[in-house]
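Shown here: final-v8.csv, CSV, C-alpha atoms.
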```
chain,number,residue,atom,x,y,z
A,1,MET,CA,40.5,-30.7,-12.7
A,2,LEU,CA,37.8,-33.3,-12.5
A,3,THR,CA,38.0,-33.2,-8.7
A,4,LEU,CA,37.4,-29.4,-8.7
A,5,LEU,CA,34.4,-29.8,-11.0
A,6,LEU,CA,33.0,-32.6,-8.9
A,7,TYR,CA,33.5,-30.5,-5.7
A,8,VAL,CA,31.7,-27.5,-7.2
A,9,LEU,CA,28.8,-29.7,-8.3
A,10,ILE,CA,28.4,-31.3,-4.9
A,11,VAL,CA,28.5,-28.0,-3.1
A,12,GLY,CA,25.9,-26.6,-5.5
A,13,LEU,CA,23.7,-29.7,-5.0
A,14,VAL,CA,24.0,-29.5,-1.2
A,15,ALA,CA,23.2,-25.7,-1.2
A,16,THR,CA,20.1,-26.3,-3.4
A,17,VAL,CA,18.8,-29.1,-1.2
A,18,LEU,CA,19.4,-27.0,2.0
A,19,PHE,CA,17.6,-24.1,0.3
A,20,LEU,CA,14.6,-26.2,-0.7
A,21,VAL,CA,14.3,-27.8,2.8
A,22,ALA,CA,14.5,-24.4,4.5
A,23,SER,CA,11.9,-23.0,2.1
A,24,ALA,CA,9.6,-25.9,2.8
A,25,ILE,CA,10.0,-25.5,6.6
A,26,PHE,CA,10.0,-21.8,7.0
A,27,GLY,CA,7.9,-20.6,4.0
A,28,ARG,CA,8.4,-17.1,2.6
A,29,SER,CA,8.5,-15.3,5.9
A,30,GLU,CA,5.0,-13.8,5.4
A,31,GLU,CA,2.9,-13.1,8.4
A,32,LEU,CA,-0.3,-13.9,6.5
A,33,GLY,CA,-0.9,-16.3,3.7
A,34,PRO,CA,-0.8,-14.8,0.2
A,35,LEU,CA,-4.0,-13.1,-1.0
A,36,PRO,CA,-6.2,-14.7,-3.7
A,37,GLU,CA,-5.5,-13.4,-7.2
A,38,ALA,CA,-7.1,-10.0,-8.0
A,39,THR,CA,-7.8,-9.1,-4.4
A,40,THR,CA,-6.2,-6.6,-2.1
A,41,ALA,CA,-5.7,-5.9,1.6
A,42,THR,CA,-5.7,-2.1,0.9
A,43,VAL,CA,-8.7,-0.5,2.5
A,44,LEU,CA,-10.0,3.0,2.6
A,45,PRO,CA,-13.5,4.1,3.8
A,46,THR,CA,-15.9,5.2,1.1
A,47,GLU,CA,-16.4,8.6,2.8
A,48,GLY,CA,-14.7,10.6,5.4
A,49,ILE,CA,-11.1,9.5,4.9
A,50,SER,CA,-9.0,10.7,7.8
A,51,GLY,CA,-5.3,10.9,8.4
A,52,ALA,CA,-5.4,7.8,10.5
A,53,ASP,CA,-6.9,5.9,7.5
A,54,VAL,CA,-4.1,7.0,5.3
A,55,ARG,CA,-1.4,6.1,7.9
A,56,ALA,CA,-3.0,2.6,8.2
A,57,LEU,CA,-2.8,1.9,4.5
A,58,ARG,CA,-0.8,-1.2,3.6
A,59,PHE,CA,0.0,-2.4,0.1
A,60,GLN,CA,1.0,-5.8,-1.2
A,61,GLN,CA,4.8,-6.1,-1.7
A,62,VAL,CA,6.1,-7.4,-5.0
A,63,VAL,CA,9.6,-7.9,-6.2
A,64,ARG,CA,10.3,-4.3,-7.0
A,65,GLY,CA,8.4,-2.5,-4.2
A,66,TYR,CA,4.6,-2.2,-3.8
A,67,LYS,CA,1.9,-3.4,-6.2
A,68,ALA,CA,1.4,-0.4,-8.5
A,69,GLY,CA,-2.3,-1.0,-9.1
A,70,GLU,CA,-3.0,-0.7,-5.4
A,71,VAL,CA,-0.9,2.5,-4.9
A,72,ASP,CA,-2.6,4.0,-8.0
A,73,TRP,CA,-6.1,3.2,-6.6
A,74,ALA,CA,-5.2,4.7,-3.2
A,75,LEU,CA,-3.8,7.9,-4.8
A,76,THR,CA,-6.9,8.3,-7.0
A,77,ARG,CA,-9.2,7.9,-3.9
A,78,LEU,CA,-7.1,10.4,-2.0
A,79,ALA,CA,-7.0,12.9,-4.9
A,80,ALA,CA,-10.8,12.6,-5.2
A,81,ARG,CA,-11.2,13.3,-1.4
A,82,ILE,CA,-8.9,16.3,-1.7
A,83,ASP,CA,-10.9,17.7,-4.6
A,84,GLU,CA,-14.1,17.2,-2.7
A,85,LEU,CA,-12.7,19.0,0.4
A,86,GLN,CA,-11.4,21.9,-1.8
A,87,SER,CA,-14.7,22.4,-3.4
A,88,GLN,CA,-16.5,22.4,0.0
A,89,LEU,CA,-14.0,25.0,1.2
A,90,ALA,CA,-14.6,27.1,-1.9
A,91,GLU,CA,-18.4,26.9,-1.3
A,92,ALA,CA,-18.0,27.9,2.3
A,93,ARG,CA,-15.8,30.8,1.4
A,94,ASP,CA,-18.4,31.9,-1.2
A,95,LEU,CA,-21.1,31.7,1.4
A,96,ALA,CA,-19.1,33.7,3.9
A,97,ARG,CA,-18.6,36.4,1.3
A,98,GLN,CA,-22.3,36.5,0.5
A,99,VAL,CA,-23.5,36.8,4.1
A,100,PRO,CA,-23.4,40.5,5.2
A,101,ALA,CA,-21.5,41.2,8.3
A,102,ALA,CA,-23.6,41.5,11.4
A,103,PRO,CA,-23.8,45.1,12.7
A,104,GLU,CA,-21.8,45.7,15.8
A,105,SER,CA,-23.9,46.6,18.8
A,106,LYS,CA,-22.7,49.3,21.1
```

Now, as a test, write the supplied structure out as structure tokens.
Amino acid sequence: MLTLLLYVLIVGLVATVLFLVASAIFGRSEELGPLPEATTATVLPTEGISGADVRALRFQQVVRGYKAGEVDWALTRLAARIDELQSQLAEARDLARQVPAAPESK
């Protein structure tokens, strides 16, 4: 019984040492170093957001997916842009209704 316990402890110790050595050598498999606290790599232009800007969005990954604050920020910005575009479209439609149709020339 003592031999089995000693075997399990030694295997655990060897696995821990190998894990720590591999972590020190290879790091956390990130392409870039971690960002400073309270900063983000998520970027959207202040005006004129395009589909390419949305496709280029990248969020920090955390244990359970993406960083919720960054996703919320991006969704808020996109919702504001959609609201802006919808109001511009409504204004354009109102203007189109107000302008009388040009008489057809024969």

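Going from CA of Gly51 in chain A to CA of Gln86 in chain A covers 16.2 Å.
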
Problem set entry | Pairwise distance for CA of Phe59 in chain A and CA of Ile82 in chain A, rounded to one decimal in Å |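 Separating CA of Phe59 in chain A from CA of Ile82 in chain A is a distance of 20.8 Å.
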
Problem set entry | Length of the CA of Glu84 in chain A to CA of Pro45 in chain A vector [Å] |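 Here the two named atoms are 14.6 Å from each other.
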
Problem set entry | Near-Asp53 in chain A list (10 Å; all atoms listed in the file; drop same-chain fewer than 5 positions) as a ChimeraX atom specification | /A:43-45,48
